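Chemist: Got a structure for you, written out below as structure tokens; questions coming shortly.
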Amino acid sequence: MKRITVYLVRHGQTFFNRYNRMQGWSDSPLTPKGIADAELAGKELSKINFAQAYSSDRSRAMDTARIILGKSFYLDTPYTITLHFREEFYGYFEGEDSHKAWYMTGASHDAQTFKEIITKYSLDASKDFMKAADPFHDAENAVEYWARLGKGFKQLRAECTDGDKVLMVSHGTTIRSIVGKFGQGQFDVSVSPMNGSITKIVLTDEGVDVLTYNETTL
């Protein structure tokens with residue numbers, strides 16, 4: 001059975017992160033701290049011979065991936081940009097103050113914060129609630145979100161071989177959604193992965209196994 005070890009790295013801090021703004025398909029540049037986050041991750045991962053490297057197609061992920069690969073001892077790692085591992089799309093709430101957006105999303109469900117929503121309900125419920133609260137209904141619900149991520153996992157299975165180690169630079173909610181769905185309750189996904197943190201999963205023909213979550217060292 002094919003086994004692919006994927007090192008999921010959250011991009012470095014951005015200005016929207018710094019200002020606590022909703023940042024899904026919208027984008028903002030890495031801050032100086034965000035560049036440092038990427039450099040630290042690159043230093044930690046520098047001795048791993050990645051068979052493939054990927055990032056989402058948002059600039060914050062691409063910039064982080066390029067910094068990480070620039071630190072690598074191995075200079076010929078193939079690099080692919082994929083839209084399938086973008087962050088969740090927040091629709092109308094893109095760029096909104098995060099506290100306000102999650103209050104508007106969860107208040108009618110007796111949950112005033114994102115942490116309350118996912119603790120009382122689930123990460124998938126937070127997606128469904130946001131789509132319902134979006135006046136345009138453009139935000140991704142759970143079915144739409146996982147259909148997209150499913151294409152991403154299919155891409156990795158098709159393009160990687162047994163035993164490969166793969167870098168994937170992605171996003172906070174995407175990483176914790178993967179861990180929440182496949183981590184069998186072993187990890188506290190009420191805590192967001194830090195910018196530049198490393199989460200390890202194993203992708204097989206049958207599913208996904210989560211090894212670690214939100215680590216700064218290997």
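All residue names refer to the structure tokens as shown: chains lettered A, B, ... in order, residues numbered from 1 in each chain, ligands numbered from 1 in order.
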Counting only C-alpha atoms, what is within 12 Å of Ala132 in chain A, bar same-chain residues fewer than 4 positions away, as a PDB file with N, CA and C atoms, in the first residue's frame?

Modeler:
ATOM      1  N   TYR A  90     -14.364  32.292   2.667  1.00  0.00           N
ATOM      2  CA  TYR A  90     -15.291  32.902   3.622  1.00  0.00           C
ATOM      3  C   TYR A  90     -16.320  33.822   2.967  1.00  0.00           C
ATOM      4  N   GLY A  91     -16.327  33.889   1.637  1.00  0.00           N
ATOM      5  CA  GLY A  91     -17.356  34.640   0.932  1.00  0.00           C
ATOM      6  C   GLY A  91     -17.442  36.098   1.360  1.00  0.00           C
ATOM      7  N   TYR A  92     -18.642  36.533   1.718  1.00  0.00           N
ATOM      8  CA  TYR A  92     -18.919  37.913   2.120  1.00  0.00           C
ATOM      9  C   TYR A  92     -18.008  38.373   3.258  1.00  0.00           C
ATOM     10  N   PHE A  93     -17.560  37.437   4.078  1.00  0.00           N
ATOM     11  CA  PHE A  93     -16.792  37.783   5.278  1.00  0.00           C
ATOM     12  C   PHE A  93     -15.292  37.927   5.010  1.00  0.00           C
ATOM     13  N   MET A 104     -21.286  37.045  13.912  1.00  0.00           N
ATOM     14  CA  MET A 104     -22.399  37.054  12.969  1.00  0.00           C
ATOM     15  C   MET A 104     -22.734  35.641  12.487  1.00  0.00           C
ATOM     16  N   THR A 105     -21.718  34.803  12.408  1.00  0.00           N
ATOM     17  CA  THR A 105     -21.917  33.421  11.959  1.00  0.00           C
ATOM     18  C   THR A 105     -22.560  32.553  13.039  1.00  0.00           C
ATOM     19  N   GLY A 106     -22.121  32.718  14.289  1.00  0.00           N
ATOM     20  CA  GLY A 106     -22.530  31.774  15.326  1.00  0.00           C
ATOM     21  C   GLY A 106     -23.592  32.242  16.287  1.00  0.00           C
ATOM     22  N   SER A 108     -26.716  33.110  16.162  1.00  0.00           N
ATOM     23  CA  SER A 108     -28.035  32.478  16.090  1.00  0.00           C
ATOM     24  C   SER A 108     -27.998  31.012  16.530  1.00  0.00           C
ATOM     25  N   HIS A 109     -26.789  30.492  16.700  1.00  0.00           N
ATOM     26  CA  HIS A 109     -26.613  29.112  17.183  1.00  0.00           C
ATOM     27  C   HIS A 109     -26.105  29.102  18.626  1.00  0.00           C
ATOM     28  N   ALA A 125     -19.500  22.208  10.915  1.00  0.00           N
ATOM     29  CA  ALA A 125     -20.652  23.070  11.209  1.00  0.00           C
ATOM     30  C   ALA A 125     -20.291  24.534  11.030  1.00  0.00           C
ATOM     31  N   SER A 126     -19.051  24.919  11.386  1.00  0.00           N
ATOM     32  CA  SER A 126     -18.651  26.319  11.220  1.00  0.00           C
ATOM     33  C   SER A 126     -18.704  26.726   9.749  1.00  0.00           C
ATOM     34  N   LYS A 127     -18.373  25.819   8.867  1.00  0.00           N
ATOM     35  CA  LYS A 127     -18.440  26.091   7.429  1.00  0.00           C
ATOM     36  C   LYS A 127     -19.904  26.252   6.988  1.00  0.00           C
ATOM     37  N   ASP A 128     -20.736  25.345   7.423  1.00  0.00           N
ATOM     38  CA  ASP A 128     -22.154  25.409   7.049  1.00  0.00           C
ATOM     39  C   ASP A 128     -22.825  26.656   7.616  1.00  0.00           C
ATOM     40  N   PHE A 136     -24.699  36.460   0.435  1.00  0.00           N
ATOM     41  CA  PHE A 136     -24.559  35.996  -0.948  1.00  0.00           C
ATOM     42  C   PHE A 136     -24.458  34.470  -1.039  1.00  0.00           C
ATOM     43  N   HIS A 137     -24.273  33.818   0.095  1.00  0.00           N
ATOM     44  CA  HIS A 137     -24.094  32.367   0.175  1.00  0.00           C
ATOM     45  C   HIS A 137     -22.921  31.887  -0.691  1.00  0.00           C
ATOM     46  N   ASP A 138     -21.888  32.733  -0.768  1.00  0.00           N
ATOM     47  CA  ASP A 138     -20.688  32.377  -1.529  1.00  0.00           C
ATOM     48  C   ASP A 138     -19.686  31.571  -0.711  1.00  0.00           C
ATOM     49  N   ALA A 139     -19.715  31.707   0.614  1.00  0.00           N
ATOM     50  CA  ALA A 139     -18.773  30.979   1.468  1.00  0.00           C
ATOM     51  C   ALA A 139     -18.916  29.473   1.231  1.00  0.00           C
ATOM     52  N   GLU A 140     -17.802  28.752   1.353  1.00  0.00           N
ATOM     53  CA  GLU A 140     -17.838  27.303   1.158  1.00  0.00           C
ATOM     54  C   GLU A 140     -18.505  26.612   2.343  1.00  0.00           C
ATOM     55  N   ASN A 141     -19.442  25.728   2.067  1.00  0.00           N
ATOM     56  CA  ASN A 141     -19.940  24.865   3.132  1.00  0.00           C
ATOM     57  C   ASN A 141     -19.060  23.618   3.207  1.00  0.00           C
ATOM     58  N   ALA A 142     -19.380  22.719   4.127  1.00  0.00           N
ATOM     59  CA  ALA A 142     -18.515  21.561   4.347  1.00  0.00           C
ATOM     60  C   ALA A 142     -18.438  20.662   3.118  1.00  0.00           C
TER      61      ALA A 142
END

Chemist: Which residues of range 73-183 of chain A sit at most 12 Å from range 46-51 of chain A, using only C-alpha atoms? Give each one's shortest atom pair and distance in Å (one decimal place), in chain and ascending residue order, as CSV.

Modeler:
residue,atom,partner,partner_atom,distance
A:Phe73,CA,A:Ser46,CA,5.6
A:Tyr74,CA,A:Asn49,CA,6.2
A:Leu75,CA,A:Asn49,CA,9.4
A:Asp76,CA,A:Ala51,CA,9.2
A:Thr77,CA,A:Ala51,CA,6.2
A:Pro78,CA,A:Ala51,CA,7.2
A:Tyr79,CA,A:Ala51,CA,9.5
A:Thr80,CA,A:Ala51,CA,11.5
A:Leu156,CA,A:Ala51,CA,11.4
A:Glu159,CA,A:Ala51,CA,10.2
A:Cys160,CA,A:Ala51,CA,7.8
A:Thr161,CA,A:Ala51,CA,8.8
A:Asp162,CA,A:Ala51,CA,10.5
A:Gly163,CA,A:Ala51,CA,9.2
A:Asp164,CA,A:Ala51,CA,5.7
A:Lys165,CA,A:Phe50,CA,5.0
A:Val166,CA,A:Phe50,CA,5.2
A:Leu167,CA,A:Phe50,CA,6.5
A:Met168,CA,A:Phe50,CA,10.2

Chemist: Those selected residues, please, written with all heavy atoms and delivered as a short mmCIF file (atom, residue, chain, number, x, y, z; two decimals), in the first residue's frame.

Modeler:
data_model
loop_
_atom_site.label_atom_id
_atom_site.label_comp_id
_atom_site.auth_asym_id
_atom_site.auth_seq_id
_atom_site.Cartn_x
_atom_site.Cartn_y
_atom_site.Cartn_z
N PHE A 73 18.84 21.71 1.75
CA PHE A 73 20.11 21.16 1.30
C PHE A 73 19.97 20.56 -0.10
O PHE A 73 20.97 20.28 -0.76
CB PHE A 73 20.58 20.05 2.25
CG PHE A 73 21.13 20.55 3.56
CD1 PHE A 73 20.84 21.81 4.06
CD2 PHE A 73 21.96 19.73 4.30
CE1 PHE A 73 21.36 22.25 5.27
CE2 PHE A 73 22.49 20.16 5.52
CZ PHE A 73 22.18 21.42 6.01
N TYR A 74 18.74 20.34 -0.55
CA TYR A 74 18.45 19.69 -1.83
C TYR A 74 17.82 20.75 -2.75
O TYR A 74 16.72 21.24 -2.48
CB TYR A 74 17.52 18.50 -1.63
CG TYR A 74 18.06 17.51 -0.63
CD1 TYR A 74 17.71 17.60 0.72
CD2 TYR A 74 18.94 16.50 -1.02
CE1 TYR A 74 18.22 16.70 1.65
CE2 TYR A 74 19.45 15.61 -0.10
CZ TYR A 74 19.09 15.71 1.24
OH TYR A 74 19.60 14.83 2.15
N LEU A 75 18.46 21.07 -3.83
CA LEU A 75 18.09 22.24 -4.62
C LEU A 75 17.22 21.90 -5.83
O LEU A 75 16.84 22.80 -6.58
CB LEU A 75 19.35 22.97 -5.09
CG LEU A 75 20.29 23.44 -3.97
CD1 LEU A 75 21.52 24.12 -4.56
CD2 LEU A 75 19.55 24.38 -3.01
N ASP A 76 16.90 20.62 -6.04
CA ASP A 76 16.19 20.24 -7.26
C ASP A 76 14.80 19.66 -6.98
O ASP A 76 14.27 18.88 -7.76
CB ASP A 76 17.02 19.23 -8.07
CG ASP A 76 17.37 17.98 -7.26
OD1 ASP A 76 17.12 17.97 -6.03
OD2 ASP A 76 17.89 17.02 -7.86
N THR A 77 14.21 20.05 -5.84
CA THR A 77 12.88 19.53 -5.49
C THR A 77 11.83 20.09 -6.45
O THR A 77 11.69 21.31 -6.56
CB THR A 77 12.50 19.91 -4.05
OG1 THR A 77 13.50 19.43 -3.16
CG2 THR A 77 11.15 19.31 -3.67
N PRO A 78 11.07 19.24 -7.13
CA PRO A 78 9.99 19.75 -7.99
C PRO A 78 8.94 20.49 -7.15
O PRO A 78 8.56 20.02 -6.08
CB PRO A 78 9.39 18.48 -8.61
CG PRO A 78 10.43 17.42 -8.44
CD PRO A 78 11.17 17.77 -7.19
N TYR A 79 8.48 21.64 -7.65
CA TYR A 79 7.54 22.48 -6.91
C TYR A 79 6.29 22.72 -7.75
O TYR A 79 6.39 23.14 -8.91
CB TYR A 79 8.21 23.80 -6.54
CG TYR A 79 7.29 24.86 -5.99
CD1 TYR A 79 6.41 24.58 -4.94
CD2 TYR A 79 7.31 26.16 -6.49
CE1 TYR A 79 5.56 25.56 -4.43
CE2 TYR A 79 6.49 27.15 -5.98
CZ TYR A 79 5.62 26.84 -4.96
OH TYR A 79 4.78 27.81 -4.46
N THR A 80 5.13 22.46 -7.15
CA THR A 80 3.85 22.58 -7.84
C THR A 80 2.91 23.46 -7.03
O THR A 80 2.82 23.33 -5.80
CB THR A 80 3.19 21.19 -8.02
OG1 THR A 80 4.08 20.35 -8.76
CG2 THR A 80 1.86 21.29 -8.75
N LEU A 156 -2.21 14.35 -4.92
CA LEU A 156 -1.00 13.87 -4.25
C LEU A 156 -0.82 12.37 -4.46
O LEU A 156 0.30 11.90 -4.73
CB LEU A 156 -1.05 14.19 -2.76
CG LEU A 156 -1.02 15.66 -2.37
CD1 LEU A 156 -0.96 15.80 -0.85
CD2 LEU A 156 0.14 16.40 -3.00
N GLU A 159 0.45 11.82 -8.07
CA GLU A 159 1.75 12.38 -8.46
C GLU A 159 2.91 11.91 -7.60
O GLU A 159 4.08 12.13 -7.98
CB GLU A 159 1.67 13.91 -8.43
CG GLU A 159 0.69 14.48 -9.46
CD GLU A 159 0.56 16.00 -9.41
OE1 GLU A 159 1.21 16.62 -8.55
OE2 GLU A 159 -0.19 16.54 -10.23
N CYS A 160 2.63 11.28 -6.47
CA CYS A 160 3.69 10.84 -5.55
C CYS A 160 3.74 9.33 -5.50
O CYS A 160 2.76 8.64 -5.82
CB CYS A 160 3.45 11.43 -4.16
SG CYS A 160 3.39 13.23 -4.13
N THR A 161 4.88 8.81 -5.09
CA THR A 161 5.07 7.37 -5.04
C THR A 161 5.27 6.90 -3.60
O THR A 161 5.49 7.70 -2.69
CB THR A 161 6.28 6.95 -5.89
OG1 THR A 161 7.46 7.59 -5.39
CG2 THR A 161 6.08 7.36 -7.35
N ASP A 162 5.23 5.61 -3.41
CA ASP A 162 5.35 5.02 -2.08
C ASP A 162 6.66 5.43 -1.43
O ASP A 162 7.73 5.37 -2.04
CB ASP A 162 5.29 3.49 -2.21
CG ASP A 162 5.35 2.80 -0.85
OD1 ASP A 162 4.76 3.33 0.11
OD2 ASP A 162 6.01 1.75 -0.76
N GLY A 163 6.57 5.90 -0.19
CA GLY A 163 7.75 6.30 0.57
C GLY A 163 8.15 7.75 0.40
O GLY A 163 9.07 8.21 1.09
N ASP A 164 7.49 8.47 -0.50
CA ASP A 164 7.84 9.87 -0.71
C ASP A 164 7.59 10.72 0.53
O ASP A 164 6.62 10.50 1.26
CB ASP A 164 7.01 10.47 -1.86
CG ASP A 164 7.55 10.13 -3.23
OD1 ASP A 164 8.62 9.48 -3.30
OD2 ASP A 164 6.91 10.52 -4.23
N LYS A 165 8.47 11.70 0.72
CA LYS A 165 8.24 12.77 1.68
C LYS A 165 7.91 14.03 0.89
O LYS A 165 8.62 14.38 -0.06
CB LYS A 165 9.48 12.99 2.56
CG LYS A 165 9.79 11.81 3.46
CD LYS A 165 11.04 12.05 4.30
CE LYS A 165 11.33 10.85 5.20
NZ LYS A 165 12.55 11.06 6.02
N VAL A 166 6.83 14.69 1.29
CA VAL A 166 6.27 15.78 0.49
C VAL A 166 6.06 17.00 1.38
O VAL A 166 5.55 16.89 2.50
CB VAL A 166 4.92 15.35 -0.13
CG1 VAL A 166 4.25 16.50 -0.85
CG2 VAL A 166 5.14 14.18 -1.09
N LEU A 167 6.46 18.17 0.87
CA LEU A 167 6.16 19.44 1.54
C LEU A 167 4.87 20.01 0.97
O LEU A 167 4.69 20.03 -0.24
CB LEU A 167 7.31 20.44 1.29
CG LEU A 167 7.07 21.88 1.76
CD1 LEU A 167 7.03 21.96 3.28
CD2 LEU A 167 8.15 22.81 1.19
N MET A 168 3.98 20.46 1.84
CA MET A 168 2.76 21.15 1.42
C MET A 168 2.59 22.40 2.28
O MET A 168 2.39 22.29 3.50
CB MET A 168 1.53 20.26 1.58
CG MET A 168 0.19 20.97 1.35
SD MET A 168 -0.01 21.59 -0.33
CE MET A 168 -0.29 20.04 -1.21
#

Chemist: Go ahead and compute the interatomic distance for CA of Gly196 in chain A and CA of Ala65 in chain A, in Å to one decimal.

Modeler: 10.3 Å

Chemist: Out of A:Thr204, A:Ser197, A:Gln23, A:Thr174, which residue has the shortest atom-to-atom distance to Thr216 in chain A when counting only C-alpha atoms?

Modeler: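 Result for the nearest residue to Thr216 in chain A: A:Ser197.
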
Chemist: I'd like the neighbourhood of Tyr213 in chain A as a list in words, where a residue qualifies if any of its atoms comes within 8 Å (using only C-alpha atoms), though same-chain residues fewer than 3 positions away should be ignored.

Modeler: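 Once the adjacent positions are removed, what remains is Val179, Phe187, Pro193, Ile198, Thr199, Lys200 and Val210 of chain A.
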
Chemist: Considering only C-alpha atoms, can you say which of A:Ser72, A:Val169, A:Tyr121, A:Ile4 comes closest to Ser59 in chain A?

Modeler: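 When distances to Ser59 in chain A are compared using only C-alpha atoms, the smallest one comes from A:Val169.
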
Chemist: With a distance cut-off of 12 Å and only C-alpha atoms, select the neighbouring residues of Lys151 in chain A, excluding the residue or stretch itself and same-chain residues fewer than 5 positions from it, and output the selection as a list in words.

Modeler: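 In the requested form, the answer reads Thr82, Leu83, His84, Phe85, Arg86, Glu144, Tyr145, Trp146, Leu156, Arg157 and Ala158 of chain A.
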
Chemist: Next, dump the selected residues to file, keeping only N, CA and C atoms, as a compact mmCIF listing (two decimals), in the first residue's frame.

Modeler:
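Produced file out_27.txt, reproduced below:
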# COMPACT_ATOMS: atom_id res chain seq x y z
N THR A 82 -0.98 24.43 -6.30
CA THR A 82 -2.28 23.78 -6.44
C THR A 82 -3.38 24.59 -5.76
N LEU A 83 -4.48 24.79 -6.45
CA LEU A 83 -5.60 25.52 -5.86
C LEU A 83 -6.37 24.66 -4.87
N HIS A 84 -6.16 23.34 -4.91
CA HIS A 84 -6.96 22.44 -4.07
C HIS A 84 -6.67 22.60 -2.59
N PHE A 85 -5.49 23.11 -2.25
CA PHE A 85 -5.12 23.28 -0.84
C PHE A 85 -5.16 24.75 -0.42
N ARG A 86 -6.00 25.54 -1.12
CA ARG A 86 -6.30 26.89 -0.63
C ARG A 86 -6.96 26.83 0.74
N GLU A 144 -18.83 21.44 -0.08
CA GLU A 144 -18.03 22.10 -1.12
C GLU A 144 -16.55 22.08 -0.77
N TYR A 145 -16.27 22.36 0.49
CA TYR A 145 -14.89 22.41 0.96
C TYR A 145 -14.20 21.05 0.79
N TRP A 146 -14.85 19.99 1.26
CA TRP A 146 -14.21 18.68 1.23
C TRP A 146 -14.15 18.10 -0.17
N LEU A 156 -2.21 14.35 -4.92
CA LEU A 156 -1.00 13.87 -4.25
C LEU A 156 -0.82 12.37 -4.46
N ARG A 157 -1.90 11.61 -4.35
CA ARG A 157 -1.80 10.16 -4.56
C ARG A 157 -1.36 9.83 -5.98
N ALA A 158 -1.81 10.63 -6.94
CA ALA A 158 -1.47 10.36 -8.35
C ALA A 158 -0.03 10.75 -8.67

Chemist: Using backbone DSSP assignments, extract all alpha helix (DSSP H) residues from range 34-164 of chain A; output them as a PyMOL selection string.

Modeler: chain A and resi 34-45+59-70+98-106+114-120+123-133+142-159

Chemist: Next, dump the selected residues to file, keeping only C-alpha atoms, as a PDB file, in the first residue's frame.

Modeler:
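Final output, saved to again00.pdb:
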ATOM      1  CA  GLY A  34       6.031  36.023   8.567  1.00  0.00           C
ATOM      2  CA  ILE A  35       9.279  35.935   6.620  1.00  0.00           C
ATOM      3  CA  ALA A  36      11.057  34.878   9.815  1.00  0.00           C
ATOM      4  CA  ASP A  37       8.389  32.178  10.401  1.00  0.00           C
ATOM      5  CA  ALA A  38       9.109  30.758   6.950  1.00  0.00           C
ATOM      6  CA  GLU A  39      12.868  30.912   7.491  1.00  0.00           C
ATOM      7  CA  LEU A  40      12.591  29.019  10.785  1.00  0.00           C
ATOM      8  CA  ALA A  41      10.437  26.347   9.159  1.00  0.00           C
ATOM      9  CA  GLY A  42      12.921  26.145   6.302  1.00  0.00           C
ATOM     10  CA  LYS A  43      15.806  25.672   8.697  1.00  0.00           C
ATOM     11  CA  GLU A  44      13.918  22.891  10.522  1.00  0.00           C
ATOM     12  CA  LEU A  45      13.054  21.116   7.258  1.00  0.00           C
ATOM     13  CA  SER A  59       0.833  34.381  -2.517  1.00  0.00           C
ATOM     14  CA  ARG A  60       1.371  33.980   1.225  1.00  0.00           C
ATOM     15  CA  ALA A  61       1.720  30.210   0.764  1.00  0.00           C
ATOM     16  CA  MET A  62       3.836  30.482  -2.387  1.00  0.00           C
ATOM     17  CA  ASP A  63       6.210  32.970  -0.761  1.00  0.00           C
ATOM     18  CA  THR A  64       6.546  30.737   2.298  1.00  0.00           C
ATOM     19  CA  ALA A  65       7.222  27.667   0.149  1.00  0.00           C
ATOM     20  CA  ARG A  66       9.936  29.452  -1.815  1.00  0.00           C
ATOM     21  CA  ILE A  67      11.659  30.584   1.389  1.00  0.00           C
ATOM     22  CA  ILE A  68      11.523  27.040   2.796  1.00  0.00           C
ATOM     23  CA  LEU A  69      12.884  25.500  -0.406  1.00  0.00           C
ATOM     24  CA  GLY A  70      15.609  28.157  -0.486  1.00  0.00           C
ATOM     25  CA  SER A  98     -12.550  37.935  12.606  1.00  0.00           C
ATOM     26  CA  HIS A  99     -14.364  38.420  15.920  1.00  0.00           C
ATOM     27  CA  LYS A 100     -17.224  40.222  14.179  1.00  0.00           C
ATOM     28  CA  ALA A 101     -17.466  37.638  11.390  1.00  0.00           C
ATOM     29  CA  TRP A 102     -17.652  34.687  13.750  1.00  0.00           C
ATOM     30  CA  TYR A 103     -20.157  36.478  15.995  1.00  0.00           C
ATOM     31  CA  MET A 104     -22.399  37.054  12.969  1.00  0.00           C
ATOM     32  CA  THR A 105     -21.917  33.421  11.959  1.00  0.00           C
ATOM     33  CA  GLY A 106     -22.530  31.774  15.326  1.00  0.00           C
ATOM     34  CA  PHE A 114     -15.136  30.459  16.382  1.00  0.00           C
ATOM     35  CA  LYS A 115     -13.877  28.392  19.315  1.00  0.00           C
ATOM     36  CA  GLU A 116     -17.404  28.171  20.729  1.00  0.00           C
ATOM     37  CA  ILE A 117     -18.795  27.101  17.365  1.00  0.00           C
ATOM     38  CA  ILE A 118     -16.318  24.280  16.840  1.00  0.00           C
ATOM     39  CA  THR A 119     -16.480  23.187  20.501  1.00  0.00           C
ATOM     40  CA  LYS A 120     -20.290  23.093  20.675  1.00  0.00           C
ATOM     41  CA  LEU A 123     -15.411  22.455  12.256  1.00  0.00           C
ATOM     42  CA  ASP A 124     -17.734  21.327   9.480  1.00  0.00           C
ATOM     43  CA  ALA A 125     -20.652  23.070  11.209  1.00  0.00           C
ATOM     44  CA  SER A 126     -18.651  26.319  11.220  1.00  0.00           C
ATOM     45  CA  LYS A 127     -18.440  26.091   7.429  1.00  0.00           C
ATOM     46  CA  ASP A 128     -22.154  25.409   7.049  1.00  0.00           C
ATOM     47  CA  PHE A 129     -23.099  28.195   9.495  1.00  0.00           C
ATOM     48  CA  MET A 130     -20.914  30.703   7.638  1.00  0.00           C
ATOM     49  CA  LYS A 131     -22.433  29.883   4.261  1.00  0.00           C
ATOM     50  CA  ALA A 132     -25.895  30.337   5.781  1.00  0.00           C
ATOM     51  CA  ALA A 133     -24.915  33.670   7.361  1.00  0.00           C
ATOM     52  CA  ALA A 142     -18.515  21.561   4.347  1.00  0.00           C
ATOM     53  CA  VAL A 143     -19.569  19.567   1.272  1.00  0.00           C
ATOM     54  CA  GLU A 144     -18.030  22.095  -1.122  1.00  0.00           C
ATOM     55  CA  TYR A 145     -14.890  22.407   0.955  1.00  0.00           C
ATOM     56  CA  TRP A 146     -14.210  18.675   1.230  1.00  0.00           C
ATOM     57  CA  ALA A 147     -14.945  18.116  -2.460  1.00  0.00           C
ATOM     58  CA  ARG A 148     -12.095  20.527  -3.210  1.00  0.00           C
ATOM     59  CA  LEU A 149      -9.720  19.022  -0.642  1.00  0.00           C
ATOM     60  CA  GLY A 150     -10.586  15.569  -1.936  1.00  0.00           C
ATOM     61  CA  LYS A 151      -9.256  16.596  -5.342  1.00  0.00           C
ATOM     62  CA  GLY A 152      -6.066  17.712  -3.604  1.00  0.00           C
ATOM     63  CA  PHE A 153      -5.560  14.349  -1.920  1.00  0.00           C
ATOM     64  CA  LYS A 154      -6.261  12.636  -5.246  1.00  0.00           C
ATOM     65  CA  GLN A 155      -3.598  14.825  -6.878  1.00  0.00           C
ATOM     66  CA  LEU A 156      -0.999  13.867  -4.254  1.00  0.00           C
ATOM     67  CA  ARG A 157      -1.801  10.161  -4.556  1.00  0.00           C
ATOM     68  CA  ALA A 158      -1.474  10.362  -8.347  1.00  0.00           C
ATOM     69  CA  GLU A 159       1.746  12.385  -8.458  1.00  0.00           C
TER      70      GLU A 159
END

Chemist: Using CA of Gly12 in chain A and CA of Asn195 in chain A as the two end points, give the distance in Å to one decimal.

Modeler: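 Distance between the two atoms: 4.8 Å.
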